[in-house]
$ cat model_12.txt   # compact mmCIF, C-alpha atoms and all ligand atoms
# COMPACT_ATOMS: atom_id res chain seq x y z
CA MET V 175 166.76 207.75 108.26
CA LYS V 176 163.06 208.07 107.36
CA CYS V 177 161.38 209.75 104.40
CA ILE V 178 160.04 213.11 105.62
CA ARG V 179 156.90 212.64 103.55
CA CYS V 180 155.71 209.06 104.06
CA LYS V 181 158.04 207.82 106.88
CA LYS V 182 159.25 204.82 104.84
CA GLU V 183 162.99 204.09 104.79
CA ALA V 184 164.72 207.02 103.00
CA GLU V 185 167.01 206.39 100.02
CA VAL V 186 168.13 209.96 99.29
CA GLU V 187 169.24 212.65 101.72
CA LEU V 188 169.09 216.27 100.50
CA LYS V 189 170.81 218.50 103.04
CA SER V 190 170.13 221.68 101.06
CA HIS V 191 166.39 221.03 101.42
CA ASN V 192 166.75 219.69 104.95
CA ALA V 193 165.02 216.54 103.71
CA ALA V 194 165.31 212.81 103.10
CA PHE V 195 163.07 210.85 100.75
CA CYS V 196 162.17 207.30 99.80
CA ARG V 197 162.35 206.59 96.05
CA ASP V 198 158.73 207.48 95.22
CA CYS V 199 158.70 210.66 97.28
CA PHE V 200 162.06 211.71 95.82
CA LEU V 201 160.60 211.40 92.33
CA LEU V 202 157.65 213.57 93.39
CA PHE V 203 160.12 216.15 94.75
CA PHE V 204 162.06 215.97 91.45
CA TYR V 205 159.02 216.58 89.21
CA ASN V 206 157.88 219.29 91.59
CA GLN V 207 161.17 221.19 91.22
CA LEU V 208 161.02 220.79 87.45
CA ASN V 209 157.40 221.99 87.28
CA LYS V 210 158.20 224.97 89.52
CA ALA V 211 161.03 226.03 87.19
CA VAL V 212 158.83 225.67 84.10
CA LYS V 213 155.97 227.67 85.66
CA GLN V 214 158.07 230.36 87.37
CA PHE V 215 159.74 231.32 84.07
CA LYS V 216 156.86 230.42 81.71
CA MET V 217 159.26 228.15 79.81
CA PHE V 218 156.70 226.19 77.78
CA ASP V 219 153.36 224.46 78.01
CA LYS V 220 151.74 221.32 76.60
CA GLU V 221 150.98 223.08 73.29
CA ASP V 222 154.60 223.95 72.56
CA LYS V 223 156.97 221.98 70.32
CA ILE V 224 160.09 221.52 72.44
CA LEU V 225 163.50 220.72 70.97
CA ILE V 226 165.84 219.16 73.55
CA ALA V 227 169.58 219.43 73.00
CA VAL V 228 170.92 215.99 73.94
CA SER V 229 174.57 215.02 74.29
CA GLY V 230 174.16 211.49 75.66
CA GLY V 231 175.17 212.67 79.14
CA LYS V 232 173.22 212.33 82.38
CA ASP V 233 171.59 215.77 82.41
CA SER V 234 170.22 216.00 78.88
CA MET V 235 169.11 212.33 78.86
CA SER V 236 167.31 212.84 82.19
CA LEU V 237 165.64 216.00 80.89
CA TRP V 238 164.46 214.11 77.81
CA SER V 239 163.10 211.32 80.01
CA ALA V 240 161.39 213.63 82.53
CA LEU V 241 159.71 215.83 79.89
CA LEU V 242 158.46 212.70 78.10
CA GLU V 243 157.08 211.36 81.38
CA LEU V 244 155.30 214.64 82.03
CA GLY V 245 153.63 214.45 78.62
CA TYR V 246 155.36 217.31 76.80
CA ASN V 247 155.71 217.39 73.00
CA THR V 248 159.45 216.80 72.64
CA THR V 249 162.00 216.00 69.95
CA ALA V 250 165.67 215.52 70.77
CA LEU V 251 168.51 216.93 68.69
CA PHE V 252 171.92 215.26 68.82
CA VAL V 253 174.88 216.93 67.12
CA ASP V 254 177.40 214.23 66.22
CA LEU V 255 180.66 216.14 66.71
CA GLY V 256 182.81 213.55 64.92
CA ILE V 257 185.12 213.12 67.93
CA GLY V 258 186.04 209.44 67.29
CA GLY V 259 184.89 206.81 69.78
CA PHE V 260 183.52 209.45 72.17
CA SER V 261 180.95 210.67 69.65
CA GLU V 262 180.12 207.12 68.51
CA LEU V 263 179.37 206.03 72.07
CA ALA V 264 177.34 209.17 72.82
CA ARG V 265 175.30 208.64 69.67
CA SER V 266 174.64 204.99 70.50
CA LYS V 267 173.25 205.96 73.94
CA VAL V 268 171.00 208.61 72.44
CA GLU V 269 169.73 206.30 69.68
CA ALA V 270 169.11 203.46 72.15
CA PHE V 271 167.02 205.80 74.34
CA SER V 272 165.05 206.98 71.32
CA ASP V 273 164.33 203.35 70.34
CA ARG V 274 163.46 202.28 73.89
CA PHE V 275 160.86 205.01 74.38
CA ASP V 276 159.90 205.51 70.75
CA ALA V 277 160.94 209.13 71.22
CA PRO V 278 161.55 211.42 68.19
CA LEU V 279 165.22 212.17 67.52
CA ARG V 280 167.08 214.28 64.94
CA VAL V 281 170.80 213.96 64.27
CA VAL V 282 173.18 216.43 62.65
CA GLU V 283 176.56 214.97 61.61
CA LEU V 284 179.41 217.45 61.56
CA LYS V 285 181.40 215.08 59.34
CA LYS V 286 178.71 215.32 56.67
CA GLU V 287 178.67 219.09 57.17
CA GLY V 288 182.42 219.10 56.50
CA ILE V 289 183.33 220.49 59.93
CA PRO V 290 184.05 217.67 62.45
CA ILE V 291 185.47 219.20 65.65
CA PRO V 292 188.97 217.59 65.58
CA GLU V 293 189.61 218.85 62.04
CA VAL V 294 188.29 222.33 62.74
CA VAL V 295 190.39 222.63 65.89
CA LYS V 296 193.54 221.58 64.02
CA LYS V 297 192.82 224.03 61.24
CA ILE V 298 191.95 227.18 63.19
CA LYS V 299 193.98 226.53 66.37
CA ARG V 300 191.35 227.77 68.81
CA PRO V 301 190.22 226.09 72.08
CA ALA V 302 188.03 223.12 71.17
CA CYS V 303 185.20 223.93 73.57
CA ALA V 304 184.76 227.50 72.32
CA VAL V 305 184.56 226.26 68.71
CA CYS V 306 182.33 223.32 69.62
CA GLY V 307 179.94 225.52 71.63
CA ARG V 308 179.45 227.94 68.73
CA ILE V 309 178.89 225.16 66.19
CA LYS V 310 176.36 223.40 68.43
CA ARG V 311 174.48 226.65 69.08
CA TYR V 312 174.31 227.24 65.32
CA TYR V 313 172.67 223.86 64.66
CA PHE V 314 170.35 224.05 67.68
CA ASN V 315 168.99 227.34 66.36
CA THR V 316 168.92 226.57 62.65
CA GLU V 317 167.49 223.05 63.03
CA GLY V 318 165.01 224.32 65.63
CA LEU V 319 163.70 227.08 63.40
CA LYS V 320 163.65 224.83 60.32
CA GLY V 321 161.61 222.24 62.23
CA GLY V 322 159.10 224.82 63.52
CA PHE V 323 160.01 224.38 67.19
CA ASP V 324 158.89 226.93 69.80
CA VAL V 325 161.66 226.48 72.30
CA LEU V 326 165.07 224.87 72.85
CA ALA V 327 165.57 223.12 76.22
CA THR V 328 169.00 222.23 77.60
CA GLY V 329 169.98 220.06 80.56
CA HIS V 330 171.95 222.74 82.48
CA ASN V 331 171.57 222.15 86.21
CA LEU V 332 172.05 224.19 89.37
CA ASP V 333 175.75 223.25 89.59
CA ASP V 334 176.33 224.43 86.00
CA GLU V 335 174.49 227.68 86.62
CA THR V 336 176.12 228.51 89.95
CA SER V 337 179.64 227.73 88.71
CA ARG V 338 179.04 229.94 85.70
CA LEU V 339 177.63 232.68 87.91
CA PHE V 340 180.57 232.35 90.30
CA SER V 341 183.03 232.70 87.43
CA ASN V 342 181.16 235.64 85.87
CA VAL V 343 181.01 237.48 89.20
CA LEU V 344 184.66 236.78 90.10
CA HIS V 345 185.75 238.28 86.79
CA TRP V 346 182.84 240.79 86.50
CA LYS V 347 181.90 239.60 83.03
CA MET V 348 178.91 241.91 82.70
CA GLU V 349 178.05 240.89 79.15
CA TYR V 350 177.84 237.24 80.28
CA LEU V 351 175.87 238.10 83.42
CA GLU V 352 173.31 239.86 81.23
CA ASP V 353 172.81 236.62 79.33
CA GLN V 354 172.63 234.38 82.39
CA SER V 355 169.05 233.35 82.98
CA PRO V 356 166.93 230.17 83.07
CA VAL V 357 165.07 231.58 80.07
CA LEU V 358 166.25 233.69 77.12
CA PRO V 359 163.55 235.01 74.80
CA SER V 360 163.58 234.29 71.09
CA GLU V 361 165.21 236.87 68.83
CA GLU V 362 165.31 237.18 65.06
CA GLY V 363 166.86 233.91 63.87
CA LEU V 364 167.37 232.55 67.40
CA LEU V 365 165.07 230.20 69.32
CA LYS V 366 163.80 230.85 72.84
CA LYS V 367 166.11 228.96 75.23
CA VAL V 368 165.20 227.40 78.56
CA LYS V 369 166.93 225.46 81.35
CA PRO V 370 164.19 223.47 83.13
CA PHE V 371 166.72 221.79 85.48
CA PHE V 372 168.11 225.00 86.94
CA ARG V 373 166.65 224.24 90.40
CA LEU V 374 168.09 220.68 90.48
CA THR V 375 171.64 219.68 91.40
CA GLU V 376 173.87 217.20 89.61
CA PHE V 377 173.38 214.80 92.52
CA GLU V 378 169.59 215.02 92.31
CA ILE V 379 169.65 214.42 88.55
CA ALA V 380 172.02 211.47 88.99
CA ALA V 381 169.60 210.00 91.56
CA TYR V 382 166.71 210.43 89.10
CA ALA V 383 168.73 208.78 86.28
CA PHE V 384 169.60 205.89 88.60
CA PHE V 385 166.01 205.33 89.75
CA LYS V 386 164.77 205.51 86.15
CA ASN V 387 167.49 203.21 84.87
CA ILE V 388 168.66 205.66 82.21
CA ASP V 389 171.72 204.49 80.32
CA TYR V 390 173.88 207.57 79.73
CA LEU V 391 177.43 208.39 78.66
CA THR V 392 179.89 208.45 81.54
CA SER V 393 183.17 208.88 79.65
CA GLY V 394 184.35 212.45 79.19
CA CYS V 395 185.12 214.21 75.94
CA PRO V 396 188.86 214.04 75.14
CA PHE V 397 188.87 217.84 74.72
CA SER V 398 187.36 218.54 78.16
CA LYS V 399 190.59 218.41 80.20
CA GLY V 400 191.18 221.44 82.41
CA ALA V 401 187.76 223.06 81.88
CA THR V 402 187.68 226.10 84.19
CA PHE V 403 184.10 225.59 85.36
CA SER V 404 185.01 222.30 87.02
CA THR V 405 187.41 224.21 89.31
CA TYR V 406 184.57 226.52 90.35
CA LYS V 407 182.25 223.54 90.81
CA ARG V 408 184.79 221.96 93.16
CA HIS V 409 185.07 225.12 95.27
CA LEU V 410 181.31 225.59 95.39
CA ASN V 411 180.87 221.96 96.46
CA ARG V 412 183.19 222.55 99.42
CA ILE V 413 181.21 225.62 100.46
CA GLU V 414 177.94 223.69 100.00
CA TYR V 415 179.29 220.85 102.15
CA ASP V 416 180.00 223.24 105.04
CA SER V 417 176.92 225.34 104.47
CA PRO V 418 174.06 223.46 102.75
CA ALA V 419 171.73 225.46 100.44
CA THR V 420 174.42 228.02 99.55
CA LYS V 421 174.20 227.18 95.84
CA ILE V 422 170.45 227.59 95.53
CA ASP V 423 170.56 230.78 97.66
CA PHE V 424 173.38 232.19 95.51
CA TYR V 425 171.54 231.55 92.25
CA GLN V 426 168.06 232.53 93.43
CA GLY V 427 169.57 235.66 95.02
CA PHE V 428 171.12 236.58 91.68
CA LEU V 429 167.79 236.07 89.88
CA LYS V 430 165.94 238.17 92.47
CA ASN V 431 168.43 240.94 93.25
CA LEU V 432 170.83 241.46 90.38
CA ARG V 433 169.21 240.00 87.24
CA PRO V 434 166.39 242.60 87.07
CA LEU V 435 168.95 245.43 87.17
CA LEU V 436 170.93 244.15 84.21
CA ASN V 437 169.94 245.46 80.83
CA LYS V 438 171.42 244.63 77.48
CA LYS V 439 173.68 247.68 77.23
CA ASN V 440 176.74 245.52 76.58
CA LYS V 441 175.17 243.84 73.58
CA GLU V 442 176.37 244.50 70.05
CA GLU V 443 173.84 244.66 67.21
CA LEU V 444 173.49 241.43 65.23
CA THR V 445 173.17 241.35 61.46
CA ARG V 446 172.39 238.36 59.18
CA CYS V 447 174.97 236.08 57.53
CA ARG V 448 174.92 236.81 53.80
CA VAL V 449 175.34 233.09 53.00
CA CYS V 450 172.86 231.34 55.34
CA GLY V 451 170.95 234.13 57.09
CA TYR V 452 172.05 233.19 60.63
CA PRO V 453 172.44 236.10 63.10
CA THR V 454 176.08 237.21 63.25
CA PHE V 455 178.30 240.17 64.11
CA GLY V 456 180.20 240.08 60.82
CA GLU V 457 179.13 239.70 57.22
CA VAL V 458 179.44 235.91 57.22
CA CYS V 459 178.69 233.68 60.25
CA PHE V 460 181.24 231.50 62.02
CA VAL V 461 179.94 228.21 60.57
CA CYS V 462 179.83 229.45 56.97
CA ARG V 463 183.39 230.74 57.39
CA LEU V 464 184.50 227.34 58.72
CA LYS V 465 182.85 225.65 55.75
CA GLY V 466 184.77 227.98 53.47
CA LEU V 467 181.55 229.41 52.04
CA ALA V 468 182.58 233.06 52.41
FE1 LIG V 501 182.56 220.07 72.82
FE2 LIG V 501 184.32 220.82 74.71
FE3 LIG V 501 182.08 219.54 75.38
FE4 LIG V 501 184.03 218.25 74.07
S1 LIG V 501 184.14 219.12 76.16
S2 LIG V 501 181.83 218.12 73.66
S3 LIG V 501 184.78 219.86 72.74
S4 LIG V 501 182.21 221.58 74.46
ZN ZN V 502 176.12 231.54 57.68
$ encode --input "model_12.txt" --output "structure tokens" --more "lines below"
Ligand code: SF4
Ligand code: ZN
Amino acid sequence: MKCIRCKKEAEVELKSHNAAFCRDCFLLFFYNQLNKAVKQFKMFDKEDKILIAVSGGKDSMSLWSALLELGYNTTALFVDLGIGGFSELARSKVEAFSDRFDAPLRVVELKKEGIPIPEVVKKIKRPACAVCGRIKRYYFNTEGLKGGFDVLATGHNLDDETSRLFSNVLHWKMEYLEDQSPVLPSEEGLLKKVKPFFRLTEFEIAAYAFFKNIDYLTSGCPFSKGATFSTYKRHLNRIEYDSPATKIDFYQGFLKNLRPLLNKKNKEELTRCRVCGYPTFGEVCFVCRLKGLA
């Protein structure tokens, strides 16, 4: 198989793009998809201070690496969830990357905050991922605003976005569909959020990480067992295998045809937490309640 661009021996085949690339041409394709996403949705420019939410996994570490390579002004934020050896290993990968590339990194430790995930989950008996997601969002927004950042970037990829879309459509979760977009504008107390990898698949990001020799976390979180999105990912992968480009068509079709028709009618009004000022639906926000500050 030959690279469709330079005719050298190809190393990556991308059926959904009807293409095969050698290493150098694949990297050009990769940056091109990333740049297209950033431009199409006016995510950020070289003047902006970008906060990248990093977990130590392949996607966020690759996003950190690619935005650094492209010369953006980035700082990474790692929330140490306090989940034993899993969090320790994740943190060591993130810190090693920061040292290797002399890249700015901030760390929030949930143990120091008094709310490590395993303890919180035991105490309030709610699904770990729902609790963890809300706590992480809280720190991404509060740390981002405190640090004067313009935008929060996450490593969500095309597989994440299509599986979420698939789930939201199957169950007609209109309030979630309204919030599904590669870019969400800033609101009072909340940072603008962007997903620069939304055009790239897990496979393409893994290929980038491999070619760039990025050392990322491969072990899964002990709380991740039975996550529903992985079921949808599996089904979508089977459809994609039989019919390449279905995922990108599905997601781009949503952005073009349905997204513009959705308005925020299902959204409740937010108020401010009386303890910390974070946007919330009640009097006191979730994190302040967990900390027992109410
Ligand atoms: Fe948090 Fe769930 Fe992810 Fe574990 S799997 S890091 S608990 S969101
Ligand atoms: Zn609060």
$ residues_around --input "model_12.txt" --residues "Gly230 of chain V" --least-positions-apart "6" --cutoff "9 Å" --atoms "only C-alpha atoms" --output "number ranges by chain"
V: 252, 263-268, 389-392
$ write_last_selection --input "model_12.txt" --atoms "C-alpha atoms" --output "PDB file, in the frame of the given file"
ATOM      1  CA  PHE V 252     171.920 215.260  68.820  1.00  0.00           C
ATOM      2  CA  LEU V 263     179.370 206.030  72.070  1.00  0.00           C
ATOM      3  CA  ALA V 264     177.340 209.170  72.820  1.00  0.00           C
ATOM      4  CA  ARG V 265     175.300 208.640  69.670  1.00  0.00           C
ATOM      5  CA  SER V 266     174.640 204.990  70.500  1.00  0.00           C
ATOM      6  CA  LYS V 267     173.250 205.960  73.940  1.00  0.00           C
ATOM      7  CA  VAL V 268     171.000 208.610  72.440  1.00  0.00           C
ATOM      8  CA  ASP V 389     171.720 204.490  80.320  1.00  0.00           C
ATOM      9  CA  TYR V 390     173.880 207.570  79.730  1.00  0.00           C
ATOM     10  CA  LEU V 391     177.430 208.390  78.660  1.00  0.00           C
ATOM     11  CA  THR V 392     179.890 208.450  81.540  1.00  0.00           C
TER      12      THR V 392
END
$ closest_residue --input "model_12.txt" --among "V:Leu429, V:Val294, V:Cys199, V:Leu326" --to "Ser355 of chain V" --atoms "all atoms listed in the file"
V:Leu429
$ residues_near_ligand --input "model_12.txt" --ligand "ligand ZN 502 (chain V)" --cutoff "9 Å" --atoms "only C-alpha atoms and all ligand atoms" --output "MDAnalysis selection string"
chainID V and resid 312 446:454 457:463 467:468
$ closest_atom_pairs --input "model_12.txt" --of "chain V" --to "ligand LIG 501 (chain V)" --cutoff "10 Å" --atoms "all atoms listed in the file" --output "CSV"
residue,atom,partner,partner_atom,distance
V:Ser229,CA,V:LIG501,S2,7.9
V:Val253,CA,V:LIG501,S2,9.6
V:Asp254,CA,V:LIG501,S2,9.5
V:Leu255,CA,V:LIG501,S2,7.3
V:Gly256,CA,V:LIG501,S2,9.9
V:Ile257,CA,V:LIG501,FE4,8.1
V:Phe260,CA,V:LIG501,S2,9.0
V:Ser261,CA,V:LIG501,S2,8.5
V:Ile291,CA,V:LIG501,S3,7.2
V:Pro292,CA,V:LIG501,S3,8.6
V:Val295,CA,V:LIG501,S3,9.3
V:Pro301,CA,V:LIG501,S3,8.3
V:Ala302,CA,V:LIG501,S3,4.9
V:Cys303,CA,V:LIG501,FE2,3.4
V:Ala304,CA,V:LIG501,S4,6.8
V:Val305,CA,V:LIG501,S3,7.6
V:Cys306,CA,V:LIG501,FE1,4.6
V:Gly307,CA,V:LIG501,S4,5.4
V:Arg308,CA,V:LIG501,S4,9.0
V:Ile309,CA,V:LIG501,FE1,9.1
V:Lys310,CA,V:LIG501,FE1,8.3
V:Gly394,CA,V:LIG501,S1,7.3
V:Cys395,CA,V:LIG501,FE4,4.6
V:Pro396,CA,V:LIG501,FE4,6.5
V:Phe397,CA,V:LIG501,FE4,4.9
V:Ser398,CA,V:LIG501,S1,3.8
V:Lys399,CA,V:LIG501,S1,7.6
V:Gly400,CA,V:LIG501,S1,9.7
V:Ala401,CA,V:LIG501,S1,7.8
$ axis_aligned_box --input "model_12.txt" --around "segment 264-277 of chain V" --padding-each-side "5 Å" --output "AutoDock Vina command-line options"
--center_x 168.6 --center_y 205.7 --center_z 72.0 --size_x 27.4 --size_y 16.9 --size_z 14.7
$ closest_residue --input "model_12.txt" --among "V:Gly427, V:Glu376, V:Lys366, V:Gly466" --to "Leu188 of chain V" --atoms "all atoms listed in the file"
V:Glu376
$ residues_around --input "model_12.txt" --residues "Arg197 of chain V" --least-positions-apart "5" --cutoff "12 Å" --atoms "all atoms listed in the file" --output "list in words"
Lys176, Cys177, Ile178, Arg179, Cys180, Lys181, Lys182, Glu183, Ala184, Glu185, Val186, Glu187, Leu202, Phe203, Phe204, Glu378, Ala381, Tyr382, Ala383, Phe384, Phe385 and Lys386 of chain V
$ write_last_selection --input "model_12.txt" --atoms "C-alpha atoms" --output "PDB file, in the frame of the given file"
ATOM      1  CA  LYS V 176     163.060 208.070 107.360  1.00  0.00           C
ATOM      2  CA  CYS V 177     161.380 209.750 104.400  1.00  0.00           C
ATOM      3  CA  ILE V 178     160.040 213.110 105.620  1.00  0.00           C
ATOM      4  CA  ARG V 179     156.900 212.640 103.550  1.00  0.00           C
ATOM      5  CA  CYS V 180     155.710 209.060 104.060  1.00  0.00           C
ATOM      6  CA  LYS V 181     158.040 207.820 106.880  1.00  0.00           C
ATOM      7  CA  LYS V 182     159.250 204.820 104.840  1.00  0.00           C
ATOM      8  CA  GLU V 183     162.990 204.090 104.790  1.00  0.00           C
ATOM      9  CA  ALA V 184     164.720 207.020 103.000  1.00  0.00           C
ATOM     10  CA  GLU V 185     167.010 206.390 100.020  1.00  0.00           C
ATOM     11  CA  VAL V 186     168.130 209.960  99.290  1.00  0.00           C
ATOM     12  CA  GLU V 187     169.240 212.650 101.720  1.00  0.00           C
ATOM     13  CA  LEU V 202     157.650 213.570  93.390  1.00  0.00           C
ATOM     14  CA  PHE V 203     160.120 216.150  94.750  1.00  0.00           C
ATOM     15  CA  PHE V 204     162.060 215.970  91.450  1.00  0.00           C
ATOM     16  CA  GLU V 378     169.590 215.020  92.310  1.00  0.00           C
ATOM     17  CA  ALA V 381     169.600 210.000  91.560  1.00  0.00           C
ATOM     18  CA  TYR V 382     166.710 210.430  89.100  1.00  0.00           C
ATOM     19  CA  ALA V 383     168.730 208.780  86.280  1.00  0.00           C
ATOM     20  CA  PHE V 384     169.600 205.890  88.600  1.00  0.00           C
ATOM     21  CA  PHE V 385     166.010 205.330  89.750  1.00  0.00           C
ATOM     22  CA  LYS V 386     164.770 205.510  86.150  1.00  0.00           C
TER      23      LYS V 386
END
$ closest_residue --input "model_12.txt" --among "V:Ser236, V:Thr336, V:Ser272, V:Gln426" --to "Arg408 of chain V" --atoms "only C-alpha atoms"
V:Thr336
$ residues_near_point --input "model_12.txt" --point "(166.5, 229.1, 76.5)" --cutoff "12 Å" --atoms "all atoms listed in the file" --output "ChimeraX atom specification"
/V:212,215-218,224-227,311,314-315,318,324-330,353-361,364-372
$ closest_residue --input "model_12.txt" --among "V:Glu287, V:Asp273, V:Asp333, V:Asp219" --to "Tyr313 of chain V" --atoms "all atoms listed in the file"
V:Glu287
$ atom_distance --input "model_12.txt" --atom1 "atom CA of Asn209 of chain V" --atom2 "atom CA of Glu243 of chain V"
12.2 Å
$ atom_distance --input "model_12.txt" --atom1 "atom CA of Glu262 of chain V" --atom2 "atom CA of Gly288 of chain V"
17.1 Å
$ closest_residue --input "model_12.txt" --among "V:Glu443, V:Lys299, V:Cys196, V:Leu237" --to "Gly456 of chain V" --atoms "only C-alpha atoms"
V:Glu443
$ atom_distance --input "model_12.txt" --atom1 "atom CA of Glu283 of chain V" --atom2 "atom CA of Gly321 of chain V"
16.6 Å
$ closest_residue --input "model_12.txt" --among "V:Arg300, V:Lys430, V:Lys320, V:Lys421" --to "Lys407 of chain V" --atoms "only C-alpha atoms"
V:Lys421
$ residues_around --input "model_12.txt" --residues "Leu332 of chain V" --least-positions-apart "2" --cutoff "6 Å" --atoms "only C-alpha atoms" --output "list in words"
Asp334, Glu335, Thr336, Phe372, Arg373, Leu374 and Thr375 of chain V
$ decode --input "model_12.txt" --residues "segment 199-214 of chain V" --atoms "N, CA and C atoms" --output "PDB file, in the first residue's frame"
ATOM      1  N   CYS V 199       3.178  12.135   6.130  1.00  0.00           N
ATOM      2  CA  CYS V 199       1.933  12.635   5.520  1.00  0.00           C
ATOM      3  C   CYS V 199       0.751  12.408   6.460  1.00  0.00           C
ATOM      4  N   PHE V 200       0.819  11.336   7.274  1.00  0.00           N
ATOM      5  CA  PHE V 200      -0.249  11.136   8.264  1.00  0.00           C
ATOM      6  C   PHE V 200      -0.238  12.296   9.262  1.00  0.00           C
ATOM      7  N   LEU V 201       0.959  12.690   9.700  1.00  0.00           N
ATOM      8  CA  LEU V 201       1.032  13.782  10.678  1.00  0.00           C
ATOM      9  C   LEU V 201       0.482  15.087  10.071  1.00  0.00           C
ATOM     10  N   LEU V 202       0.745  15.301   8.784  1.00  0.00           N
ATOM     11  CA  LEU V 202       0.172  16.487   8.126  1.00  0.00           C
ATOM     12  C   LEU V 202      -1.352  16.413   8.126  1.00  0.00           C
ATOM     13  N   PHE V 203      -1.876  15.216   7.793  1.00  0.00           N
ATOM     14  CA  PHE V 203      -3.327  14.992   7.817  1.00  0.00           C
ATOM     15  C   PHE V 203      -3.879  15.297   9.216  1.00  0.00           C
ATOM     16  N   PHE V 204      -3.168  14.816  10.240  1.00  0.00           N
ATOM     17  CA  PHE V 204      -3.603  14.958  11.634  1.00  0.00           C
ATOM     18  C   PHE V 204      -3.699  16.449  12.027  1.00  0.00           C
ATOM     19  N   TYR V 205      -2.631  17.193  11.758  1.00  0.00           N
ATOM     20  CA  TYR V 205      -2.644  18.627  12.107  1.00  0.00           C
ATOM     21  C   TYR V 205      -3.709  19.368  11.301  1.00  0.00           C
ATOM     22  N   ASN V 206      -3.895  18.916  10.069  1.00  0.00           N
ATOM     23  CA  ASN V 206      -4.879  19.533   9.196  1.00  0.00           C
ATOM     24  C   ASN V 206      -6.297  19.375   9.771  1.00  0.00           C
ATOM     25  N   GLN V 207      -6.609  18.165  10.264  1.00  0.00           N
ATOM     26  CA  GLN V 207      -7.927  17.924  10.858  1.00  0.00           C
ATOM     27  C   GLN V 207      -8.093  18.763  12.125  1.00  0.00           C
ATOM     28  N   LEU V 208      -7.040  18.859  12.900  1.00  0.00           N
ATOM     29  CA  LEU V 208      -7.081  19.647  14.135  1.00  0.00           C
ATOM     30  C   LEU V 208      -7.280  21.136  13.805  1.00  0.00           C
ATOM     31  N   ASN V 209      -6.513  21.638  12.841  1.00  0.00           N
ATOM     32  CA  ASN V 209      -6.644  23.046  12.456  1.00  0.00           C
ATOM     33  C   ASN V 209      -8.029  23.355  11.900  1.00  0.00           C
ATOM     34  N   LYS V 210      -8.568  22.412  11.113  1.00  0.00           N
ATOM     35  CA  LYS V 210      -9.913  22.614  10.548  1.00  0.00           C
ATOM     36  C   LYS V 210     -10.940  22.765  11.659  1.00  0.00           C
ATOM     37  N   ALA V 211     -10.838  21.894  12.677  1.00  0.00           N
ATOM     38  CA  ALA V 211     -11.786  21.939  13.799  1.00  0.00           C
ATOM     39  C   ALA V 211     -11.668  23.278  14.522  1.00  0.00           C
ATOM     40  N   VAL V 212     -10.434  23.703  14.778  1.00  0.00           N
ATOM     41  CA  VAL V 212     -10.206  24.949  15.523  1.00  0.00           C
ATOM     42  C   VAL V 212     -10.768  26.142  14.744  1.00  0.00           C
ATOM     43  N   LYS V 213     -10.539  26.149  13.422  1.00  0.00           N
ATOM     44  CA  LYS V 213     -11.003  27.281  12.596  1.00  0.00           C
ATOM     45  C   LYS V 213     -12.510  27.259  12.419  1.00  0.00           C
ATOM     46  N   GLN V 214     -13.053  26.071  12.086  1.00  0.00           N
ATOM     47  CA  GLN V 214     -14.489  25.960  11.793  1.00  0.00           C
ATOM     48  C   GLN V 214     -15.330  26.475  12.965  1.00  0.00           C
TER      49      GLN V 214
END
